[in-house]
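Engineer: Before I ask anything, here is the structure I am working with.
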Amino acid sequence: MGNLCSTTEDPNRNAALDASAAANWIATSADQDGGRTFHAEKKAPYVLPADLLEGSRLNLQHHLFREMFGGPNYSGVTEEQLKKGLRVLDIGCGTGIWLAEMHRDFPNGTYFGVDLITTQWAETFKDLSENKIALMQANVLERLPFEDDSFDYVHQRMLVSGIPVAKWPHVISEIARVLKPGGVADLTELGGEFLSHEPKNQRDRDMWKFILELFNARGIDLKIPENLGKMVRNEAQFEKVQELRKEAPIGWGGYVGELWKVDMRMVFMAVQPFVAAALGISAKDWEDRVDAYFEDAGASRMYTEFVSVEPAPRKSISE
């Protein structure tokens, strides 16, 4: 797989890459399917696209998280600590919007982002002062390209669809490995179920069951975040683990609920190539099923739950 983003740890280098080079890399190194672009990393089962449309969805999702949790981008560390300057890692950084906002708010920090593909988002970072953001191509299912005890704060969000069940202990262990003594992690994942405050019909139950089976066939259990806190507590290097659960309305509850519906529908549509192969149906057939699924989301008061887990090693970050 091509690599335009160096994995050499250099916090002072310019992480931005030429946009035309990035576009060429995507065209030659990623797979095209159903009009969408997907990563070409054979060792990662992540099924969502790696194109500009997906980037727009990820940015929308970022702002929805801020609205839903009603606070800043960070958790587990204090504003004072961040102002002094921490070494921060974002695993699965996507478009880099979280990193960009953290750098904007706390410019004394040094920020690293890793993802399967980072080059197409490099334009985001061209004008950042002091070049304190480094984007690195890496796969968290393998060893992260950092030494032990490298970071004060590790952020990871919405990677459940790309981490096989058997790999979760490794991922948690890697987070613990790269955290400094006293470092803090912040993991947020979809709780693994689409529920309703009103009775759901059999069609809805079958739809979600199929999605679960689709991911299970790739070794991924979308319900695993229900036990994420317990899994993290089993990592001996963590002294304490705080857990927060937050309900997200889908199609009701104001504009946030309406936008979560948009986000979730985009996710369902994004897996269309895999669904078509599994069911032998057309893209239009799948779109009709998705529309029917979300059509009565507001009336049935559909919702999902997000789980946020904050593990902290044995010592506290010094004030």
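Scheme for the structure tokens: letters A, B, ... for chains in order shown; per-chain residue numbers from 1; ligand numbers from 1 in order shown.
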Taking the DSSP secondary structure from the backbone, can you list the residues of region 160-203 of chain A that are helix (DSSP H, G or I), as a list in words?

Structural biologist: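 For region 160-203 of chain A, the helix (DSSP H, G or I) set is Val160, Ser161, Gly162, Val165, Ala166, Lys167, Trp168, Pro169, His170, Val171, Ile172, Ser173, Glu174, Ile175, Ala176, Arg177, Val178, Gln202 and Arg203 of chain A.
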
Engineer: So the first atom is CA of Phe112 (chain A) and the second is CA of Ile91 (chain A); what is the distance between them in Å, to one decimal place?

Structural biologist: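 That distance, rounded to one decimal, is 8.6 Å.
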
Engineer: Please build the interface table for region 267-313 of chain A against region 166-177 of chain A with a cut-off of 12 Å, listing for each qualifying residue the nearest atom pair and the distance in Å to one decimal; count only C-alpha atoms, order rows by chain and increasing number, and write it as a Markdown table.

Structural biologist:
| residue | atom | partner | partner_atom | distance |
| --- | --- | --- | --- | --- |
| A:Val309 | CA | A:Ile172 | CA | 11.4 |
| A:Glu310 | CA | A:Ile175 | CA | 11.6 |
| A:Pro311 | CA | A:Ala176 | CA | 8.9 |
| A:Ala312 | CA | A:Ala176 | CA | 8.9 |
| A:Pro313 | CA | A:Ala176 | CA | 7.7 |

Engineer: Between A:Val256, A:Val114, A:Met68, A:Leu179, single out the one closest to Glu305 (chain A), counting only C-alpha atoms.

Structural biologist: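 Between A:Val256, A:Val114, A:Met68, A:Leu179, the residue approaching Glu305 (chain A) most closely is A:Met68.
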
Engineer: Please give the complete set of residues from region 42-211 of chain A that DSSP, run on the backbone, assigns to strand (DSSP E), formatted as an mmCIF file with all heavy atoms, in the first residue's frame.

Structural biologist:
data_model
loop_
_atom_site.group_PDB
_atom_site.id
_atom_site.type_symbol
_atom_site.label_atom_id
_atom_site.label_comp_id
_atom_site.auth_asym_id
_atom_site.auth_seq_id
_atom_site.Cartn_x
_atom_site.Cartn_y
_atom_site.Cartn_z
ATOM 1 N N ARG A 87 0.976 16.148 24.936
ATOM 2 C CA ARG A 87 1.150 15.336 23.731
ATOM 3 C C ARG A 87 -0.118 14.494 23.577
ATOM 4 O O ARG A 87 -0.479 13.720 24.458
ATOM 5 C CB ARG A 87 2.381 14.438 23.833
ATOM 6 C CG ARG A 87 3.688 15.170 23.563
ATOM 7 C CD ARG A 87 4.886 14.252 23.757
ATOM 8 N NE ARG A 87 4.871 13.088 22.890
ATOM 9 C CZ ARG A 87 5.397 13.052 21.666
ATOM 10 N NH1 ARG A 87 5.950 14.143 21.151
ATOM 11 N NH2 ARG A 87 5.373 11.948 20.952
ATOM 12 N N VAL A 88 -0.770 14.672 22.408
ATOM 13 C CA VAL A 88 -2.102 14.109 22.207
ATOM 14 C C VAL A 88 -2.104 13.226 20.961
ATOM 15 O O VAL A 88 -1.542 13.597 19.916
ATOM 16 C CB VAL A 88 -3.144 15.238 22.054
ATOM 17 C CG1 VAL A 88 -4.529 14.658 21.776
ATOM 18 C CG2 VAL A 88 -3.166 16.116 23.305
ATOM 19 N N LEU A 89 -2.770 12.078 21.067
ATOM 20 C CA LEU A 89 -2.911 11.157 19.939
ATOM 21 C C LEU A 89 -4.387 10.924 19.657
ATOM 22 O O LEU A 89 -5.159 10.636 20.570
ATOM 23 C CB LEU A 89 -2.229 9.815 20.241
ATOM 24 C CG LEU A 89 -2.476 8.683 19.228
ATOM 25 C CD1 LEU A 89 -1.864 9.026 17.875
ATOM 26 C CD2 LEU A 89 -1.915 7.359 19.759
ATOM 27 N N ASP A 90 -4.768 11.027 18.388
ATOM 28 C CA ASP A 90 -6.127 10.695 17.955
ATOM 29 C C ASP A 90 -6.057 9.464 17.072
ATOM 30 O O ASP A 90 -5.495 9.503 15.966
ATOM 31 C CB ASP A 90 -6.741 11.876 17.190
ATOM 32 C CG ASP A 90 -8.221 11.671 16.902
ATOM 33 O OD1 ASP A 90 -8.844 10.808 17.550
ATOM 34 O OD2 ASP A 90 -8.752 12.393 16.030
ATOM 35 N N ILE A 91 -6.616 8.345 17.544
ATOM 36 C CA ILE A 91 -6.600 7.083 16.801
ATOM 37 C C ILE A 91 -7.845 7.019 15.923
ATOM 38 O O ILE A 91 -8.962 7.140 16.414
ATOM 39 C CB ILE A 91 -6.559 5.882 17.765
ATOM 40 C CG1 ILE A 91 -5.297 5.935 18.622
ATOM 41 C CG2 ILE A 91 -6.625 4.572 16.987
ATOM 42 C CD1 ILE A 91 -5.234 4.852 19.689
ATOM 43 N N THR A 110 1.065 19.253 21.289
ATOM 44 C CA THR A 110 1.587 18.591 20.090
ATOM 45 C C THR A 110 0.639 17.453 19.755
ATOM 46 O O THR A 110 0.351 16.618 20.610
ATOM 47 C CB THR A 110 3.001 18.043 20.330
ATOM 48 O OG1 THR A 110 3.849 19.121 20.743
ATOM 49 C CG2 THR A 110 3.557 17.421 19.071
ATOM 50 N N TYR A 111 0.198 17.411 18.505
ATOM 51 C CA TYR A 111 -0.915 16.530 18.146
ATOM 52 C C TYR A 111 -0.531 15.565 17.032
ATOM 53 O O TYR A 111 0.057 15.958 16.024
ATOM 54 C CB TYR A 111 -2.117 17.377 17.708
ATOM 55 C CG TYR A 111 -2.588 18.317 18.787
ATOM 56 C CD1 TYR A 111 -2.105 19.628 18.847
ATOM 57 C CD2 TYR A 111 -3.480 17.900 19.764
ATOM 58 C CE1 TYR A 111 -2.516 20.496 19.844
ATOM 59 C CE2 TYR A 111 -3.896 18.758 20.769
ATOM 60 C CZ TYR A 111 -3.417 20.051 20.803
ATOM 61 O OH TYR A 111 -3.811 20.910 21.806
ATOM 62 N N PHE A 112 -0.885 14.306 17.235
ATOM 63 C CA PHE A 112 -0.657 13.263 16.245
ATOM 64 C C PHE A 112 -1.996 12.609 15.916
ATOM 65 O O PHE A 112 -2.815 12.364 16.809
ATOM 66 C CB PHE A 112 0.292 12.190 16.770
ATOM 67 C CG PHE A 112 1.701 12.656 16.981
ATOM 68 C CD1 PHE A 112 2.066 13.308 18.143
ATOM 69 C CD2 PHE A 112 2.666 12.434 16.014
ATOM 70 C CE1 PHE A 112 3.365 13.741 18.352
ATOM 71 C CE2 PHE A 112 3.967 12.860 16.202
ATOM 72 C CZ PHE A 112 4.322 13.516 17.366
ATOM 73 N N GLY A 113 -2.206 12.296 14.644
ATOM 74 C CA GLY A 113 -3.383 11.553 14.224
ATOM 75 C C GLY A 113 -2.979 10.375 13.370
ATOM 76 O O GLY A 113 -2.112 10.499 12.503
ATOM 77 N N VAL A 114 -3.559 9.214 13.634
ATOM 78 C CA VAL A 114 -3.292 8.035 12.820
ATOM 79 C C VAL A 114 -4.600 7.529 12.225
ATOM 80 O O VAL A 114 -5.648 7.576 12.851
ATOM 81 C CB VAL A 114 -2.607 6.909 13.626
ATOM 82 C CG1 VAL A 114 -1.232 7.340 14.103
ATOM 83 C CG2 VAL A 114 -3.462 6.461 14.816
ATOM 84 N N ASP A 115 -4.515 7.039 10.996
ATOM 85 C CA ASP A 115 -5.669 6.465 10.316
ATOM 86 C C ASP A 115 -5.165 5.593 9.173
ATOM 87 O O ASP A 115 -3.989 5.657 8.801
ATOM 88 C CB ASP A 115 -6.587 7.574 9.786
ATOM 89 C CG ASP A 115 -8.046 7.134 9.730
ATOM 90 O OD1 ASP A 115 -8.312 5.979 9.324
ATOM 91 O OD2 ASP A 115 -8.925 7.921 10.089
ATOM 92 N N ILE A 133 0.826 19.547 14.197
ATOM 93 C CA ILE A 133 -0.028 18.394 13.938
ATOM 94 C C ILE A 133 0.672 17.498 12.930
ATOM 95 O O ILE A 133 1.104 17.954 11.875
ATOM 96 C CB ILE A 133 -1.408 18.797 13.394
ATOM 97 C CG1 ILE A 133 -2.187 19.597 14.431
ATOM 98 C CG2 ILE A 133 -2.208 17.568 13.002
ATOM 99 C CD1 ILE A 133 -3.580 19.982 13.972
ATOM 100 N N ALA A 134 0.791 16.217 13.261
ATOM 101 C CA ALA A 134 1.379 15.235 12.351
ATOM 102 C C ALA A 134 0.351 14.157 12.057
ATOM 103 O O ALA A 134 -0.168 13.529 12.965
ATOM 104 C CB ALA A 134 2.635 14.615 12.968
ATOM 105 N N LEU A 135 0.047 13.985 10.764
ATOM 106 C CA LEU A 135 -0.838 12.911 10.329
ATOM 107 C C LEU A 135 0.009 11.726 9.893
ATOM 108 O O LEU A 135 0.976 11.884 9.147
ATOM 109 C CB LEU A 135 -1.702 13.372 9.154
ATOM 110 C CG LEU A 135 -2.713 14.486 9.420
ATOM 111 C CD1 LEU A 135 -3.507 14.764 8.150
ATOM 112 C CD2 LEU A 135 -3.634 14.135 10.557
ATOM 113 N N MET A 136 -0.375 10.543 10.347
ATOM 114 C CA MET A 136 0.434 9.365 10.074
ATOM 115 C C MET A 136 -0.461 8.213 9.655
ATOM 116 O O MET A 136 -1.488 7.962 10.275
ATOM 117 C CB MET A 136 1.246 8.986 11.314
ATOM 118 C CG MET A 136 2.080 10.135 11.864
ATOM 119 S SD MET A 136 2.803 9.805 13.491
ATOM 120 C CE MET A 136 4.080 8.665 13.020
ATOM 121 N N GLN A 137 -0.063 7.541 8.595
ATOM 122 C CA GLN A 137 -0.799 6.374 8.157
ATOM 123 C C GLN A 137 -0.397 5.195 9.038
ATOM 124 O O GLN A 137 0.775 4.830 9.121
ATOM 125 C CB GLN A 137 -0.486 6.070 6.696
ATOM 126 C CG GLN A 137 -1.270 4.898 6.130
ATOM 127 C CD GLN A 137 -0.887 4.648 4.700
ATOM 128 O OE1 GLN A 137 -0.965 5.556 3.878
ATOM 129 N NE2 GLN A 137 -0.463 3.436 4.400
ATOM 130 N N PHE A 151 2.361 9.551 25.176
ATOM 131 C CA PHE A 151 1.294 10.542 25.133
ATOM 132 C C PHE A 151 0.649 10.777 26.496
ATOM 133 O O PHE A 151 0.520 9.869 27.313
ATOM 134 C CB PHE A 151 0.211 10.113 24.134
ATOM 135 C CG PHE A 151 0.703 10.059 22.718
ATOM 136 C CD1 PHE A 151 1.087 8.847 22.152
ATOM 137 C CD2 PHE A 151 0.840 11.213 21.977
ATOM 138 C CE1 PHE A 151 1.557 8.790 20.861
ATOM 139 C CE2 PHE A 151 1.315 11.174 20.678
ATOM 140 C CZ PHE A 151 1.674 9.960 20.117
ATOM 141 N N ASP A 152 0.216 12.023 26.672
ATOM 142 C CA ASP A 152 -0.545 12.391 27.867
ATOM 143 C C ASP A 152 -2.032 12.076 27.715
ATOM 144 O O ASP A 152 -2.734 11.831 28.700
ATOM 145 C CB ASP A 152 -0.405 13.898 28.142
ATOM 146 C CG ASP A 152 1.035 14.321 28.330
ATOM 147 O OD1 ASP A 152 1.653 13.870 29.306
ATOM 148 O OD2 ASP A 152 1.544 15.096 27.493
ATOM 149 N N TYR A 153 -2.497 12.108 26.473
ATOM 150 C CA TYR A 153 -3.936 11.976 26.228
ATOM 151 C C TYR A 153 -4.142 11.253 24.899
ATOM 152 O O TYR A 153 -3.578 11.642 23.874
ATOM 153 C CB TYR A 153 -4.560 13.379 26.188
ATOM 154 C CG TYR A 153 -6.053 13.454 25.964
ATOM 155 C CD1 TYR A 153 -6.929 12.510 26.489
ATOM 156 C CD2 TYR A 153 -6.602 14.505 25.231
ATOM 157 C CE1 TYR A 153 -8.294 12.609 26.294
ATOM 158 C CE2 TYR A 153 -7.972 14.616 25.031
ATOM 159 C CZ TYR A 153 -8.820 13.667 25.565
ATOM 160 O OH TYR A 153 -10.167 13.772 25.369
ATOM 161 N N VAL A 154 -4.945 10.180 24.911
ATOM 162 C CA VAL A 154 -5.268 9.421 23.708
ATOM 163 C C VAL A 154 -6.776 9.459 23.489
ATOM 164 O O VAL A 154 -7.554 9.151 24.390
ATOM 165 C CB VAL A 154 -4.790 7.959 23.801
ATOM 166 C CG1 VAL A 154 -5.279 7.160 22.589
ATOM 167 C CG2 VAL A 154 -3.277 7.893 23.904
ATOM 168 N N HIS A 155 -7.172 9.844 22.282
ATOM 169 C CA HIS A 155 -8.577 9.971 21.910
ATOM 170 C C HIS A 155 -8.894 8.958 20.812
ATOM 171 O O HIS A 155 -8.150 8.811 19.849
ATOM 172 C CB HIS A 155 -8.832 11.400 21.405
ATOM 173 C CG HIS A 155 -10.220 11.666 20.925
ATOM 174 N ND1 HIS A 155 -10.575 11.571 19.595
ATOM 175 C CD2 HIS A 155 -11.346 12.022 21.596
ATOM 176 C CE1 HIS A 155 -11.865 11.888 19.456
ATOM 177 N NE2 HIS A 155 -12.347 12.164 20.648
ATOM 178 N N GLN A 156 -10.002 8.233 20.982
ATOM 179 C CA GLN A 156 -10.445 7.288 19.957
ATOM 180 C C GLN A 156 -11.970 7.312 19.909
ATOM 181 O O GLN A 156 -12.625 7.220 20.941
ATOM 182 C CB GLN A 156 -9.956 5.874 20.265
ATOM 183 C CG GLN A 156 -10.441 4.821 19.261
ATOM 184 C CD GLN A 156 -9.909 3.441 19.565
ATOM 185 O OE1 GLN A 156 -8.691 3.221 19.579
ATOM 186 N NE2 GLN A 156 -10.794 2.499 19.826
ATOM 187 N N ARG A 157 -12.530 7.421 18.709
ATOM 188 C CA ARG A 157 -13.977 7.564 18.594
ATOM 189 C C ARG A 157 -14.503 6.827 17.362
ATOM 190 O O ARG A 157 -13.963 6.938 16.271
ATOM 191 C CB ARG A 157 -14.333 9.047 18.501
ATOM 192 C CG ARG A 157 -15.821 9.354 18.497
ATOM 193 C CD ARG A 157 -16.060 10.839 18.692
ATOM 194 N NE ARG A 157 -15.629 11.637 17.556
ATOM 195 C CZ ARG A 157 -15.540 12.966 17.576
ATOM 196 N NH1 ARG A 157 -15.817 13.636 18.673
ATOM 197 N NH2 ARG A 157 -15.149 13.627 16.505
ATOM 198 N N LEU A 179 0.376 5.418 26.335
ATOM 199 C CA LEU A 179 0.102 6.447 27.334
ATOM 200 C C LEU A 179 1.247 6.568 28.326
ATOM 201 O O LEU A 179 1.800 5.563 28.780
ATOM 202 C CB LEU A 179 -1.187 6.120 28.100
ATOM 203 C CG LEU A 179 -2.510 6.570 27.500
ATOM 204 C CD1 LEU A 179 -3.657 6.008 28.321
ATOM 205 C CD2 LEU A 179 -2.593 8.097 27.449
ATOM 206 N N LYS A 180 1.586 7.795 28.672
ATOM 207 C CA LYS A 180 2.559 8.021 29.729
ATOM 208 C C LYS A 180 1.965 7.603 31.073
ATOM 209 O O LYS A 180 0.730 7.559 31.223
ATOM 210 C CB LYS A 180 2.927 9.503 29.809
ATOM 211 C CG LYS A 180 3.634 10.063 28.600
ATOM 212 C CD LYS A 180 3.890 11.558 28.811
ATOM 213 C CE LYS A 180 4.567 12.192 27.615
ATOM 214 N NZ LYS A 180 4.790 13.649 27.814
ATOM 215 N N PRO A 181 2.789 7.315 32.074
ATOM 216 C CA PRO A 181 2.251 7.148 33.431
ATOM 217 C C PRO A 181 1.459 8.388 33.818
ATOM 218 O O PRO A 181 1.960 9.506 33.732
ATOM 219 C CB PRO A 181 3.510 6.994 34.278
ATOM 220 C CG PRO A 181 4.540 6.443 33.343
ATOM 221 C CD PRO A 181 4.247 7.092 32.020
ATOM 222 N N GLY A 182 0.207 8.201 34.176
ATOM 223 C CA GLY A 182 -0.646 9.327 34.487
ATOM 224 C C GLY A 182 -1.447 9.846 33.308
ATOM 225 O O GLY A 182 -2.240 10.769 33.450
ATOM 226 N N GLY A 183 -1.247 9.256 32.124
ATOM 227 C CA GLY A 183 -2.007 9.684 30.960
ATOM 228 C C GLY A 183 -3.463 9.255 31.039
ATOM 229 O O GLY A 183 -3.852 8.424 31.853
ATOM 230 N N VAL A 184 -4.276 9.841 30.182
ATOM 231 C CA VAL A 184 -5.717 9.576 30.171
ATOM 232 C C VAL A 184 -6.156 9.257 28.749
ATOM 233 O O VAL A 184 -5.678 9.865 27.790
ATOM 234 C CB VAL A 184 -6.506 10.799 30.692
ATOM 235 C CG1 VAL A 184 -8.008 10.567 30.578
ATOM 236 C CG2 VAL A 184 -6.136 11.096 32.138
ATOM 237 N N ALA A 185 -7.077 8.293 28.627
ATOM 238 C CA ALA A 185 -7.659 7.958 27.331
ATOM 239 C C ALA A 185 -9.140 8.305 27.338
ATOM 240 O O ALA A 185 -9.768 8.407 28.388
ATOM 241 C CB ALA A 185 -7.456 6.483 27.015
ATOM 242 N N ASP A 186 -9.692 8.476 26.142
ATOM 243 C CA ASP A 186 -11.105 8.799 25.980
ATOM 244 C C ASP A 186 -11.614 8.029 24.770
ATOM 245 O O ASP A 186 -11.258 8.336 23.637
ATOM 246 C CB ASP A 186 -11.262 10.318 25.784
ATOM 247 C CG ASP A 186 -12.718 10.747 25.626
ATOM 248 O OD1 ASP A 186 -13.614 9.917 25.852
ATOM 249 O OD2 ASP A 186 -12.938 11.914 25.275
ATOM 250 N N LEU A 187 -12.434 7.002 25.014
ATOM 251 C CA LEU A 187 -12.957 6.147 23.955
ATOM 252 C C LEU A 187 -14.475 6.301 23.894
ATOM 253 O O LEU A 187 -15.152 6.132 24.911
ATOM 254 C CB LEU A 187 -12.628 4.673 24.210
ATOM 255 C CG LEU A 187 -11.180 4.196 24.073
ATOM 256 C CD1 LEU A 187 -10.304 4.722 25.194
ATOM 257 C CD2 LEU A 187 -11.151 2.668 24.073
ATOM 258 N N THR A 188 -15.002 6.603 22.711
ATOM 259 C CA THR A 188 -16.442 6.738 22.539
ATOM 260 C C THR A 188 -16.883 5.869 21.364
ATOM 261 O O THR A 188 -16.317 5.951 20.276
ATOM 262 C CB THR A 188 -16.849 8.195 22.281
ATOM 263 O OG1 THR A 188 -16.424 9.006 23.380
ATOM 264 C CG2 THR A 188 -18.358 8.316 22.123
ATOM 265 N N GLU A 189 -17.901 5.032 21.611
ATOM 266 C CA GLU A 189 -18.380 4.121 20.579
ATOM 267 C C GLU A 189 -19.900 4.048 20.574
ATOM 268 O O GLU A 189 -20.556 4.311 21.582
ATOM 269 C CB GLU A 189 -17.813 2.703 20.815
ATOM 270 C CG GLU A 189 -16.310 2.586 20.685
ATOM 271 C CD GLU A 189 -15.806 2.770 19.259
ATOM 272 O OE1 GLU A 189 -16.639 2.776 18.324
ATOM 273 O OE2 GLU A 189 -14.588 2.924 19.070
ATOM 274 N N LEU A 190 -20.445 3.658 19.429
ATOM 275 C CA LEU A 190 -21.867 3.367 19.315
ATOM 276 C C LEU A 190 -22.194 2.160 20.175
ATOM 277 O O LEU A 190 -21.476 1.159 20.170
ATOM 278 C CB LEU A 190 -22.206 3.069 17.851
ATOM 279 C CG LEU A 190 -23.663 2.740 17.512
ATOM 280 C CD1 LEU A 190 -24.533 3.969 17.688
ATOM 281 C CD2 LEU A 190 -23.754 2.215 16.083
ATOM 282 N N GLY A 191 -23.289 2.259 20.944
ATOM 283 C CA GLY A 191 -23.630 1.210 21.906
ATOM 284 C C GLY A 191 -24.045 -0.119 21.321
ATOM 285 O O GLY A 191 -24.242 -1.075 22.052
ATOM 286 N N GLY A 192 -24.218 -0.206 20.009
ATOM 287 C CA GLY A 192 -24.427 -1.503 19.394
ATOM 288 C C GLY A 192 -25.861 -1.883 19.120
ATOM 289 O O GLY A 192 -26.151 -3.035 18.801
ATOM 290 N N GLU A 193 -26.797 -0.949 19.194
ATOM 291 C CA GLU A 193 -28.190 -1.302 18.968
ATOM 292 C C GLU A 193 -28.979 -0.072 18.542
ATOM 293 O O GLU A 193 -28.705 1.040 18.979
ATOM 294 C CB GLU A 193 -28.792 -1.869 20.252
ATOM 295 C CG GLU A 193 -30.171 -2.495 20.097
ATOM 296 C CD GLU A 193 -30.162 -3.797 19.324
ATOM 297 O OE1 GLU A 193 -30.245 -3.731 18.086
ATOM 298 O OE2 GLU A 193 -30.075 -4.866 19.960
ATOM 299 N N PHE A 194 -29.940 -0.279 17.650
ATOM 300 C CA PHE A 194 -30.923 0.745 17.331
ATOM 301 C C PHE A 194 -32.218 0.343 18.007
ATOM 302 O O PHE A 194 -32.774 -0.723 17.728
ATOM 303 C CB PHE A 194 -31.118 0.865 15.812
ATOM 304 C CG PHE A 194 -30.046 1.651 15.125
ATOM 305 C CD1 PHE A 194 -28.771 1.131 14.962
ATOM 306 C CD2 PHE A 194 -30.299 2.922 14.650
ATOM 307 C CE1 PHE A 194 -27.778 1.852 14.330
ATOM 308 C CE2 PHE A 194 -29.307 3.660 14.017
ATOM 309 C CZ PHE A 194 -28.052 3.131 13.859
ATOM 310 N N LEU A 195 -32.695 1.188 18.899
ATOM 311 C CA LEU A 195 -33.850 0.873 19.725
ATOM 312 C C LEU A 195 -34.982 1.850 19.421
ATOM 313 O O LEU A 195 -34.841 2.750 18.602
ATOM 314 C CB LEU A 195 -33.467 0.934 21.205
ATOM 315 C CG LEU A 195 -32.282 0.046 21.614
ATOM 316 C CD1 LEU A 195 -31.822 0.398 23.013
ATOM 317 C CD2 LEU A 195 -32.646 -1.423 21.516
ATOM 318 N N SER A 196 -36.111 1.665 20.101
ATOM 319 C CA SER A 196 -37.252 2.548 19.911
ATOM 320 C C SER A 196 -38.038 2.639 21.203
ATOM 321 O O SER A 196 -38.176 1.658 21.931
ATOM 322 C CB SER A 196 -38.158 2.024 18.788
ATOM 323 O OG SER A 196 -39.299 2.838 18.654
#

Engineer: Tell me which protein, DNA and RNA residues are within 7 Å of Ser300 (chain A), counting only C-alpha atoms, leaving out same-chain ones fewer than 4 positions away, and put them as a list in words.

Structural biologist: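 After dropping sequence-adjacent residues, the list is Ser196, His197, Glu198 and Asp296 of chain A.
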
Engineer: Given only C-alpha atoms as the basis, pick out the residue of A:Asn139, A:Ser56, A:Gly35, A:Ile250 nearest to Gly298 (chain A).

Structural biologist: A:Ile250

Engineer: Distance table requested - region 63-155 of chain A against region 262-278 of chain A, cut-off 12 Å, only C-alpha atoms: one row per qualifying residue with the closest atom pair and its distance in Å to one decimal, ordered by chain and rising residue number, as a tab-separated table.

Structural biologist:
residue	atom	partner	partner_atom	distance
A:His63	CA	A:Asp263	CA	11.3
A:Leu64	CA	A:Asp263	CA	9.3
A:Phe65	CA	A:Asp263	CA	11.6

Engineer: How many Å lie between CA of Lys223 (chain A) and CA of His39 (chain A), rounded to one decimal?

Structural biologist: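 Separating CA of Lys223 (chain A) from CA of His39 (chain A) is a distance of 23.8 Å.
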
Engineer: Could you please determine the separation between CA of Ser308 (chain A) and CA of Leu52 (chain A) in Å, to one decimal place?

Structural biologist: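 Interatomic distance, CA of Ser308 (chain A) to CA of Leu52 (chain A): 27.0 Å.
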
Engineer: Ranking A:Ile97, A:Leu222, A:Val140, A:Val47 by minimum distance to Gln61 (chain A) and counting only C-alpha atoms, which one comes first?

Structural biologist: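 Answer, going by the shortest atom-to-atom distance: A:Ile97.
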
Engineer: When you look at Gly109 (chain A) with a cut-off of 7 Å (counting only C-alpha atoms), what residues show up, excluding the ones that are within fewer than 4 positions of it in the same chain? I need them as number ranges by chain.

Structural biologist: A: 82, 85-87, 103

Engineer: Excluding same-chain residues fewer than 3 positions from Val232 (chain A), what lies within 8 Å of it counting only C-alpha atoms, as a ChimeraX atom specification?

Structural biologist: /A:172,228-229,235,238,241,311
